[in-house]
>>> print(open('protein.pdb').read())   # PDB, C-alpha atoms, pLDDT in the B column
ATOM      1  CA  MET R   1     117.306 107.330  98.698  1.00 47.00           C
ATOM      2  CA  VAL R   2     114.275 108.380  96.641  1.00 48.00           C
ATOM      3  CA  ILE R   3     115.366 106.114  93.785  1.00 48.00           C
ATOM      4  CA  PHE R   4     115.702 103.167  96.174  1.00 49.00           C
ATOM      5  CA  ARG R   5     112.235 103.738  97.644  1.00 55.00           C
ATOM      6  CA  ALA R   6     110.724 104.077  94.164  1.00 50.00           C
ATOM      7  CA  PHE R   7     112.145 100.784  92.994  1.00 50.00           C
ATOM      8  CA  VAL R   8     111.147  99.006  96.214  1.00 53.00           C
ATOM      9  CA  PHE R   9     107.595 100.246  95.643  1.00 56.00           C
ATOM     10  CA  LEU R  10     107.648  99.043  92.027  1.00 50.00           C
ATOM     11  CA  ILE R  11     108.850  95.590  93.110  1.00 50.00           C
ATOM     12  CA  LEU R  12     106.168  95.364  95.824  1.00 55.00           C
ATOM     13  CA  LEU R  13     103.524  96.554  93.382  1.00 52.00           C
ATOM     14  CA  GLY R  14     104.539  93.866  90.910  1.00 50.00           C
ATOM     15  CA  GLY R  15     104.451  91.265  93.681  1.00 51.00           C
ATOM     16  CA  MET R  16     100.867  92.209  94.496  1.00 52.00           C
ATOM     17  CA  ILE R  17      99.780  90.812  91.151  1.00 46.00           C
ATOM     18  CA  GLY R  18     100.331  87.287  92.325  1.00 45.00           C
ATOM     19  CA  SER R  19      98.137  87.712  95.398  1.00 50.00           C
ATOM     20  CA  VAL R  20      95.367  89.984  94.121  1.00 52.00           C
ATOM     21  CA  ASN R  21      92.787  89.355  91.435  1.00 57.00           C
ATOM     22  CA  ALA R  22      94.154  92.174  89.260  1.00 54.00           C
ATOM     23  CA  GLN R  23      92.583  93.384  86.089  1.00 78.00           C
ATOM     24  CA  SER R  24      95.801  94.841  84.690  1.00 87.00           C
ATOM     25  CA  PHE R  25      99.375  95.805  85.449  1.00 90.00           C
ATOM     26  CA  ASP R  26     100.791  98.606  83.317  1.00 92.00           C
ATOM     27  CA  PHE R  27     104.478  99.586  83.154  1.00 94.00           C
ATOM     28  CA  ASN R  28     106.074 102.200  80.888  1.00 94.00           C
ATOM     29  CA  LEU R  29     109.486 103.823  80.473  1.00 94.00           C
ATOM     30  CA  SER R  30     111.075 106.886  78.899  1.00 93.00           C
ATOM     31  CA  ASP R  31     114.711 108.018  79.041  1.00 91.00           C
ATOM     32  CA  ASP R  32     114.182 109.773  82.381  1.00 90.00           C
ATOM     33  CA  SER R  33     110.961 108.372  83.860  1.00 92.00           C
ATOM     34  CA  ALA R  34     109.153 105.174  84.814  1.00 93.00           C
ATOM     35  CA  GLU R  35     105.502 104.587  85.706  1.00 94.00           C
ATOM     36  CA  ALA R  36     103.796 101.561  87.185  1.00 93.00           C
ATOM     37  CA  LYS R  37     100.025 101.235  87.445  1.00 91.00           C
ATOM     38  CA  LEU R  38      97.822  98.527  88.923  1.00 89.00           C
ATOM     39  CA  MET R  39      94.094  98.466  88.080  1.00 87.00           C
ATOM     40  CA  LEU R  40      91.813  96.284  90.197  1.00 85.00           C
ATOM     41  CA  PRO R  41      88.092  95.503  89.857  1.00 82.00           C
ATOM     42  CA  LEU R  42      86.061  97.689  92.217  1.00 73.00           C
ATOM     43  CA  GLY R  43      83.299  95.112  92.507  1.00 64.00           C
ATOM     44  CA  PHE R  44      80.042  96.929  91.878  1.00 57.00           C
ATOM     45  CA  GLY R  45      77.977  98.067  88.903  1.00 55.00           C
ATOM     46  CA  ASP R  46      76.043  96.036  86.355  1.00 55.00           C
ATOM     47  CA  LEU R  47      76.991  98.159  83.343  1.00 55.00           C
ATOM     48  CA  GLY R  48      80.595  98.661  82.292  1.00 60.00           C
ATOM     49  CA  ARG R  49      83.583  98.141  84.575  1.00 78.00           C
ATOM     50  CA  SER R  50      84.492  99.799  87.867  1.00 84.00           C
ATOM     51  CA  LEU R  51      88.204  99.885  88.667  1.00 85.00           C
ATOM     52  CA  TRP R  52      90.648 100.952  91.363  1.00 87.00           C
ATOM     53  CA  ASP R  53      93.718 102.706  89.955  1.00 89.00           C
ATOM     54  CA  ILE R  54      96.998 102.689  91.939  1.00 91.00           C
ATOM     55  CA  SER R  55     100.000 104.340  90.280  1.00 93.00           C
ATOM     56  CA  LEU R  56     103.543 105.563  90.877  1.00 94.00           C
ATOM     57  CA  LEU R  57     105.417 107.953  88.578  1.00 93.00           C
ATOM     58  CA  TYR R  58     109.166 108.496  89.028  1.00 92.00           C
ATOM     59  CA  LYS R  59     111.358 110.947  87.101  1.00 89.00           C
ATOM     60  CA  ASP R  60     115.110 111.457  87.365  1.00 85.00           C
ATOM     61  CA  SER R  61     115.791 115.198  87.720  1.00 75.00           C
ATOM     62  CA  ASP R  62     119.170 115.079  85.891  1.00 72.00           C
ATOM     63  CA  SER R  63     120.453 117.643  88.395  1.00 64.00           C
ATOM     64  CA  ARG R  64     122.504 117.327  91.570  1.00 65.00           C
ATOM     65  CA  ASP R  65     120.805 120.438  92.952  1.00 61.00           C
ATOM     66  CA  LYS R  66     117.257 119.048  92.743  1.00 68.00           C
ATOM     67  CA  ASP R  67     115.601 115.936  94.135  1.00 72.00           C
ATOM     68  CA  ASP R  68     114.028 113.425  91.771  1.00 83.00           C
ATOM     69  CA  ASN R  69     110.279 113.656  91.155  1.00 87.00           C
ATOM     70  CA  LEU R  70     108.086 110.985  92.733  1.00 90.00           C
ATOM     71  CA  VAL R  71     104.284 111.150  92.613  1.00 91.00           C
ATOM     72  CA  GLY R  72     101.826 108.439  93.653  1.00 92.00           C
ATOM     73  CA  GLY R  73      98.158 108.226  92.764  1.00 94.00           C
ATOM     74  CA  LEU R  74      95.029 106.453  93.984  1.00 94.00           C
ATOM     75  CA  GLY R  75      91.666 106.651  92.261  1.00 92.00           C
ATOM     76  CA  PHE R  76      88.722 104.872  90.762  1.00 90.00           C
ATOM     77  CA  GLU R  77      87.090 104.891  87.348  1.00 90.00           C
ATOM     78  CA  VAL R  78      83.938 103.620  85.684  1.00 90.00           C
ATOM     79  CA  VAL R  79      84.365 102.528  82.057  1.00 86.00           C
ATOM     80  CA  GLY R  80      81.689 101.528  79.568  1.00 82.00           C
ATOM     81  CA  GLU R  81      80.829 101.416  75.879  1.00 82.00           C
ATOM     82  CA  ALA R  82      79.682 104.679  74.315  1.00 73.00           C
ATOM     83  CA  GLY R  83      76.707 102.962  72.666  1.00 71.00           C
ATOM     84  CA  THR R  84      75.613 100.953  69.645  1.00 69.00           C
ATOM     85  CA  ASP R  85      76.016 103.976  67.336  1.00 74.00           C
ATOM     86  CA  ALA R  86      79.774 104.078  68.074  1.00 74.00           C
ATOM     87  CA  PRO R  87      81.186 100.521  68.036  1.00 83.00           C
ATOM     88  CA  GLY R  88      84.648 100.241  69.497  1.00 83.00           C
ATOM     89  CA  LEU R  89      84.385 103.492  71.494  1.00 90.00           C
ATOM     90  CA  GLU R  90      84.576 103.494  75.303  1.00 90.00           C
ATOM     91  CA  PHE R  91      84.311 106.328  77.826  1.00 91.00           C
ATOM     92  CA  GLY R  92      85.659 106.428  81.344  1.00 91.00           C
ATOM     93  CA  ILE R  93      84.903 108.867  84.164  1.00 93.00           C
ATOM     94  CA  GLY R  94      86.548 108.904  87.554  1.00 93.00           C
ATOM     95  CA  MET R  95      88.389 110.630  90.391  1.00 95.00           C
ATOM     96  CA  LYS R  96      92.029 110.320  91.376  1.00 95.00           C
ATOM     97  CA  GLY R  97      94.165 111.731  94.163  1.00 94.00           C
ATOM     98  CA  TYR R  98      97.860 112.530  93.617  1.00 94.00           C
ATOM     99  CA  TYR R  99     100.545 113.193  96.201  1.00 93.00           C
ATOM    100  CA  GLY R 100     104.303 113.526  95.982  1.00 90.00           C
ATOM    101  CA  GLU R 101     107.293 115.744  95.340  1.00 87.00           C
ATOM    102  CA  ALA R 102     108.340 117.495  92.129  1.00 84.00           C
ATOM    103  CA  GLU R 103     111.229 119.932  91.711  1.00 81.00           C
ATOM    104  CA  ASP R 104     111.575 120.376  95.486  1.00 80.00           C
ATOM    105  CA  SER R 105     107.863 121.236  95.900  1.00 83.00           C
ATOM    106  CA  ASP R 106     105.323 119.076  97.749  1.00 88.00           C
ATOM    107  CA  ILE R 107     102.215 118.634  95.643  1.00 90.00           C
ATOM    108  CA  GLY R 108      98.808 117.145  96.274  1.00 90.00           C
ATOM    109  CA  ALA R 109      95.594 117.208  94.290  1.00 92.00           C
ATOM    110  CA  PHE R 110      92.183 115.590  94.079  1.00 94.00           C
ATOM    111  CA  THR R 111      91.344 115.410  90.372  1.00 94.00           C
ATOM    112  CA  LEU R 112      88.347 114.679  88.206  1.00 96.00           C
ATOM    113  CA  GLY R 113      89.169 112.731  85.077  1.00 95.00           C
ATOM    114  CA  GLY R 114      87.945 111.421  81.787  1.00 95.00           C
ATOM    115  CA  MET R 115      89.161 108.757  79.393  1.00 95.00           C
ATOM    116  CA  LEU R 116      88.377 107.945  75.765  1.00 94.00           C
ATOM    117  CA  ARG R 117      89.435 104.635  74.184  1.00 93.00           C
ATOM    118  CA  TYR R 118      88.841 103.645  70.589  1.00 93.00           C
ATOM    119  CA  ALA R 119      89.535 100.332  68.869  1.00 91.00           C
ATOM    120  CA  PRO R 120      88.317 100.216  65.231  1.00 90.00           C
ATOM    121  CA  PRO R 121      85.930  97.246  64.819  1.00 87.00           C
ATOM    122  CA  SER R 122      87.709  96.095  61.652  1.00 87.00           C
ATOM    123  CA  PHE R 123      91.147  96.296  63.368  1.00 85.00           C
ATOM    124  CA  SER R 124      90.148  95.696  66.963  1.00 80.00           C
ATOM    125  CA  ARG R 125      93.662  94.772  68.123  1.00 89.00           C
ATOM    126  CA  PHE R 126      94.795  98.361  67.489  1.00 94.00           C
ATOM    127  CA  PHE R 127      93.652 101.036  69.929  1.00 94.00           C
ATOM    128  CA  GLY R 128      94.097 104.652  70.926  1.00 95.00           C
ATOM    129  CA  ILE R 129      93.578 106.179  74.373  1.00 95.00           C
ATOM    130  CA  ALA R 130      93.329 109.790  75.536  1.00 97.00           C
ATOM    131  CA  ARG R 131      93.111 110.673  79.235  1.00 96.00           C
ATOM    132  CA  LEU R 132      92.821 113.926  81.207  1.00 97.00           C
ATOM    133  CA  ASN R 133      92.842 114.522  84.975  1.00 96.00           C
ATOM    134  CA  TYR R 134      92.518 118.049  86.358  1.00 95.00           C
ATOM    135  CA  ALA R 135      92.364 119.697  89.780  1.00 92.00           C
ATOM    136  CA  PRO R 136      91.616 123.426  90.228  1.00 92.00           C
ATOM    137  CA  LYS R 137      92.867 125.461  93.179  1.00 90.00           C
ATOM    138  CA  ILE R 138      90.043 124.448  95.528  1.00 92.00           C
ATOM    139  CA  VAL R 139      91.139 120.778  95.562  1.00 90.00           C
ATOM    140  CA  SER R 140      94.919 121.268  95.188  1.00 87.00           C
ATOM    141  CA  PHE R 141      96.996 121.372  98.359  1.00 88.00           C
ATOM    142  CA  ARG R 142     100.471 121.535  99.883  1.00 88.00           C
ATOM    143  CA  ASP R 143     102.447 123.773  97.470  1.00 86.00           C
ATOM    144  CA  ALA R 144     100.164 123.121  94.473  1.00 84.00           C
ATOM    145  CA  GLU R 145      97.539 125.600  93.263  1.00 86.00           C
ATOM    146  CA  ARG R 146      96.478 123.569  90.217  1.00 91.00           C
ATOM    147  CA  PHE R 147      97.354 120.142  88.839  1.00 92.00           C
ATOM    148  CA  TRP R 148      96.795 118.384  85.525  1.00 94.00           C
ATOM    149  CA  ALA R 149      97.818 115.136  83.849  1.00 94.00           C
ATOM    150  CA  VAL R 150      97.282 114.628  80.112  1.00 97.00           C
ATOM    151  CA  GLU R 151      98.128 111.371  78.338  1.00 96.00           C
ATOM    152  CA  VAL R 152      97.688 109.919  74.864  1.00 97.00           C
ATOM    153  CA  ARG R 153      98.785 106.509  73.633  1.00 96.00           C
ATOM    154  CA  ILE R 154      98.375 104.136  70.723  1.00 96.00           C
ATOM    155  CA  GLY R 155      98.908 100.422  71.019  1.00 95.00           C
ATOM    156  CA  TYR R 156      98.445  96.912  69.780  1.00 94.00           C
ATOM    157  CA  GLU R 157      96.939  93.915  71.568  1.00 89.00           C
ATOM    158  CA  SER R 158      99.684  91.387  70.849  1.00 88.00           C
ATOM    159  CA  LEU R 159      97.938  88.681  72.920  1.00 87.00           C
ATOM    160  CA  PRO R 160      94.474  88.541  74.545  1.00 83.00           C
ATOM    161  CA  THR R 161      96.205  89.271  77.870  1.00 89.00           C
ATOM    162  CA  ALA R 162      98.987  91.659  76.756  1.00 92.00           C
ATOM    163  CA  GLU R 163      99.273  95.019  75.008  1.00 94.00           C
ATOM    164  CA  ILE R 164     102.269  96.986  73.789  1.00 96.00           C
ATOM    165  CA  TYR R 165     102.017 100.735  73.268  1.00 96.00           C
ATOM    166  CA  VAL R 166     103.738 104.082  72.747  1.00 97.00           C
ATOM    167  CA  GLY R 167     102.501 107.268  74.326  1.00 96.00           C
ATOM    168  CA  TYR R 168     103.103 110.798  75.534  1.00 97.00           C
ATOM    169  CA  ARG R 169     102.267 112.378  78.892  1.00 96.00           C
ATOM    170  CA  ASP R 170     102.349 115.880  80.342  1.00 95.00           C
ATOM    171  CA  VAL R 171     101.960 116.047  84.141  1.00 93.00           C
ATOM    172  CA  GLU R 172     102.350 119.504  85.684  1.00 88.00           C
ATOM    173  CA  ALA R 173     101.404 121.570  88.705  1.00 87.00           C
ATOM    174  CA  LYS R 174     101.113 125.301  89.310  1.00 87.00           C
ATOM    175  CA  ILE R 175     103.003 126.111  92.486  1.00 85.00           C
ATOM    176  CA  GLU R 176     102.256 128.891  94.985  1.00 82.00           C
ATOM    177  CA  ASN R 177     104.576 131.896  94.747  1.00 76.00           C
ATOM    178  CA  LYS R 178     106.284 130.654  91.571  1.00 73.00           C
ATOM    179  CA  ASN R 179     105.878 132.221  88.158  1.00 68.00           C
ATOM    180  CA  ALA R 180     106.387 128.950  86.276  1.00 71.00           C
ATOM    181  CA  ASP R 181     104.586 125.622  86.393  1.00 82.00           C
ATOM    182  CA  VAL R 182     106.448 122.667  87.855  1.00 85.00           C
ATOM    183  CA  GLU R 183     106.922 119.811  85.410  1.00 85.00           C
ATOM    184  CA  VAL R 184     106.362 116.451  87.094  1.00 88.00           C
ATOM    185  CA  ASP R 185     106.990 114.641  83.795  1.00 90.00           C
ATOM    186  CA  LYS R 186     106.718 115.527  80.132  1.00 91.00           C
ATOM    187  CA  SER R 187     107.905 112.702  77.928  1.00 92.00           C
ATOM    188  CA  ALA R 188     107.249 110.130  75.245  1.00 96.00           C
ATOM    189  CA  TYR R 189     107.341 106.544  76.466  1.00 96.00           C
ATOM    190  CA  VAL R 190     106.936 102.868  75.560  1.00 97.00           C
ATOM    191  CA  GLY R 191     105.149 100.325  77.706  1.00 95.00           C
ATOM    192  CA  VAL R 192     103.304  97.088  78.206  1.00 95.00           C
ATOM    193  CA  ALA R 193      99.995  96.271  79.877  1.00 93.00           C
ATOM    194  CA  LEU R 194      99.298  92.767  81.184  1.00 92.00           C
ATOM    195  CA  HIS R 195      95.714  91.688  81.890  1.00 86.00           C
ATOM    196  CA  PHE R 196      94.751  88.937  84.341  1.00 79.00           C
TER     197      PHE R 196
END
>>> encode(input="protein.pdb", output="structure tokens")
Amino acid sequence: MVIFRAFVFLILLGGMIGSVNAQSFDFNLSDDSAEAKLMLPLGFGDLGRSLWDISLLYKDSDSRDKDDNLVGGLGFEVVGEAGTDAPGLEFGIGMKGYYGEAEDSDIGAFTLGGMLRYAPPSFSRFFGIARLNYAPKIVSFRDAERFWAVEVRIGYESLPTAEIYVGYRDVEAKIENKNADVEVDKSAYVGVALHF
């Protein structure tokens, strides 16, 4: 049932692209997980870009005893150039809320995040991105005591409106009354990003 709902959400999310002025639609896959992300212009700010970020991460548990992991996210981010002394370097700062289920635990968190993107001026079609979102105990809820999502990727802008990339993510939560952290997803992946 969880798999069906996840794929219905992914189909609906993809269908939104046709009716919304979207900045980008991002989709990536590993052997056991899939993530879809829609980023929309927020509509204010004269410097840089302000974006809504809507995402869904699904992971197959590979176990009949455990439910699959499914975590959704909603946030916003402001992105801008680092300055004239660092051409090709962009910073992003934002907030993102996560909610879902991982390894039979309900998790929720309100995270602060940062992003760093670099595209060498002489090879501007190539890029690297590093991203971190973190929530301490005070803003983690349900079964979660802490939450973090770390991601790195490198990619190539194959067209002005399309990128291909490879990456790695580690999304985990510390759960109340458990000695080990719950792994939402820890995997290498490949993906595409389409810009509109």
>>> closest_atom_pairs(input="protein.pdb", of="segment 39-136 of chain R", to="segment 175-184 of chain R", cutoff="8 Å", atoms="only C-alpha atoms", output="CSV")
residue,atom,partner,partner_atom,distance
R:Lys59,CA,R:Val184,CA,7.4
R:Asn69,CA,R:Val184,CA,6.3
R:Val71,CA,R:Val184,CA,7.9
R:Ala102,CA,R:Val184,CA,5.5
R:Glu103,CA,R:Val182,CA,6.7
R:Ser105,CA,R:Ile175,CA,7.7
>>> closest_residue(input="protein.pdb", among="R:Gly114, R:Pro160, R:Gly191, R:Pro121", to="Phe91 of chain R", atoms="only C-alpha atoms")
R:Gly114
>>> resolve_selection(input="protein.pdb", expression="the PyMOL selection byres ((chain R and resi 173) around 12)", output="MDAnalysis selection string")
chainID R and resid 71 98:103 105:109 111 133:137 140:150 170:172 174:176 178:186
>>> residues_around(input="protein.pdb", residues="Trp52 of chain R", least_positions_apart="5", cutoff="6 Å", atoms="all atoms listed in the file", output="list in words")
Met39, Leu40, Leu42, Gly75 and Phe76 of chain R
>>> atom_distance(input="protein.pdb", atom1="atom CA of Gly73 of chain R", atom2="atom CA of Asp104 of chain R")
18.3 Å
>>> build_atoms(input="protein.pdb", residues="segment 167-178 of chain R", atoms="all heavy atoms", output="tab-separated table (two decimals), keeping the file's coordinate frame")
chain	number	residue	atom	x	y	z
R	167	GLY	N	103.35	106.19	73.87
R	167	GLY	CA	102.50	107.27	74.33
R	167	GLY	C	103.28	108.51	74.68
R	167	GLY	O	104.51	108.57	74.58
R	168	TYR	N	102.53	109.52	75.10
R	168	TYR	CA	103.10	110.80	75.53
R	168	TYR	C	102.29	111.30	76.72
R	168	TYR	O	101.06	111.21	76.71
R	168	TYR	CB	103.05	111.83	74.40
R	168	TYR	CG	103.60	113.18	74.79
R	168	TYR	CD1	104.97	113.41	74.78
R	168	TYR	CD2	102.74	114.20	75.20
R	168	TYR	CE1	105.48	114.64	75.16
R	168	TYR	CE2	103.24	115.44	75.58
R	168	TYR	CZ	104.62	115.65	75.56
R	168	TYR	OH	105.12	116.86	75.94
R	169	ARG	N	102.97	111.83	77.74
R	169	ARG	CA	102.27	112.38	78.89
R	169	ARG	C	102.85	113.75	79.27
R	169	ARG	O	104.03	114.02	79.06
R	169	ARG	CB	102.31	111.43	80.08
R	169	ARG	CG	103.61	111.36	80.78
R	169	ARG	CD	103.54	110.51	82.05
R	169	ARG	NE	104.81	109.81	82.19
R	169	ARG	CZ	104.95	108.51	81.98
R	169	ARG	NH1	103.93	107.76	81.66
R	169	ARG	NH2	106.14	107.96	82.07
R	170	ASP	N	101.97	114.57	79.83
R	170	ASP	CA	102.35	115.88	80.34
R	170	ASP	C	101.67	116.02	81.71
R	170	ASP	O	100.45	116.14	81.80
R	170	ASP	CB	101.87	116.97	79.38
R	170	ASP	CG	102.22	118.37	79.87
R	170	ASP	OD1	102.94	118.51	80.88
R	170	ASP	OD2	101.78	119.35	79.23
R	171	VAL	N	102.47	115.94	82.77
R	171	VAL	CA	101.96	116.05	84.14
R	171	VAL	C	102.62	117.27	84.77
R	171	VAL	O	103.85	117.32	84.88
R	171	VAL	CB	102.27	114.78	84.96
R	171	VAL	CG1	101.68	114.88	86.36
R	171	VAL	CG2	101.77	113.53	84.25
R	172	GLU	N	101.81	118.25	85.16
R	172	GLU	CA	102.35	119.50	85.68
R	172	GLU	C	101.51	120.01	86.84
R	172	GLU	O	100.36	119.61	87.01
R	172	GLU	CB	102.40	120.58	84.59
R	172	GLU	CG	103.29	120.23	83.43
R	172	GLU	CD	103.44	121.38	82.45
R	172	GLU	OE1	103.64	122.53	82.89
R	172	GLU	OE2	103.34	121.12	81.24
R	173	ALA	N	102.11	120.92	87.60
R	173	ALA	CA	101.40	121.57	88.70
R	173	ALA	C	101.79	123.04	88.75
R	173	ALA	O	102.95	123.38	88.52
R	173	ALA	CB	101.73	120.90	90.03
R	174	LYS	N	100.82	123.89	89.05
R	174	LYS	CA	101.11	125.30	89.31
R	174	LYS	C	101.41	125.42	90.79
R	174	LYS	O	100.64	124.95	91.63
R	174	LYS	CB	99.93	126.17	88.92
R	174	LYS	CG	100.16	127.65	89.19
R	174	LYS	CD	99.02	128.49	88.68
R	174	LYS	CE	99.19	129.95	89.05
R	174	LYS	NZ	100.44	130.54	88.60
R	175	ILE	N	102.53	126.04	91.11
R	175	ILE	CA	103.00	126.11	92.49
R	175	ILE	C	102.82	127.52	93.04
R	175	ILE	O	103.02	128.52	92.34
R	175	ILE	CB	104.50	125.72	92.56
R	175	ILE	CG1	104.69	124.31	91.99
R	175	ILE	CG2	105.03	125.79	93.98
R	175	ILE	CD1	103.96	123.22	92.71
R	176	GLU	N	102.41	127.60	94.31
R	176	GLU	CA	102.26	128.89	94.98
R	176	GLU	C	103.56	129.67	94.95
R	176	GLU	O	104.64	129.11	95.14
R	176	GLU	CB	101.86	128.68	96.45
R	176	GLU	CG	100.46	128.17	96.65
R	176	GLU	CD	100.13	127.98	98.11
R	176	GLU	OE1	101.00	127.51	98.86
R	176	GLU	OE2	99.00	128.32	98.49
R	177	ASN	N	103.44	130.97	94.71
R	177	ASN	CA	104.58	131.90	94.75
R	177	ASN	C	105.67	131.59	93.73
R	177	ASN	O	106.82	131.99	93.91
R	177	ASN	CB	105.20	131.94	96.16
R	177	ASN	CG	104.18	132.28	97.22
R	177	ASN	OD1	103.31	133.12	97.00
R	177	ASN	ND2	104.25	131.59	98.34
R	178	LYS	N	105.34	130.87	92.67
R	178	LYS	CA	106.28	130.65	91.57
R	178	LYS	C	105.62	131.12	90.28
R	178	LYS	O	104.43	130.91	90.06
R	178	LYS	CB	106.66	129.17	91.45
R	178	LYS	CG	107.62	128.69	92.51
R	178	LYS	CD	108.17	127.32	92.15
R	178	LYS	CE	109.19	126.86	93.18
R	178	LYS	NZ	109.77	125.55	92.85
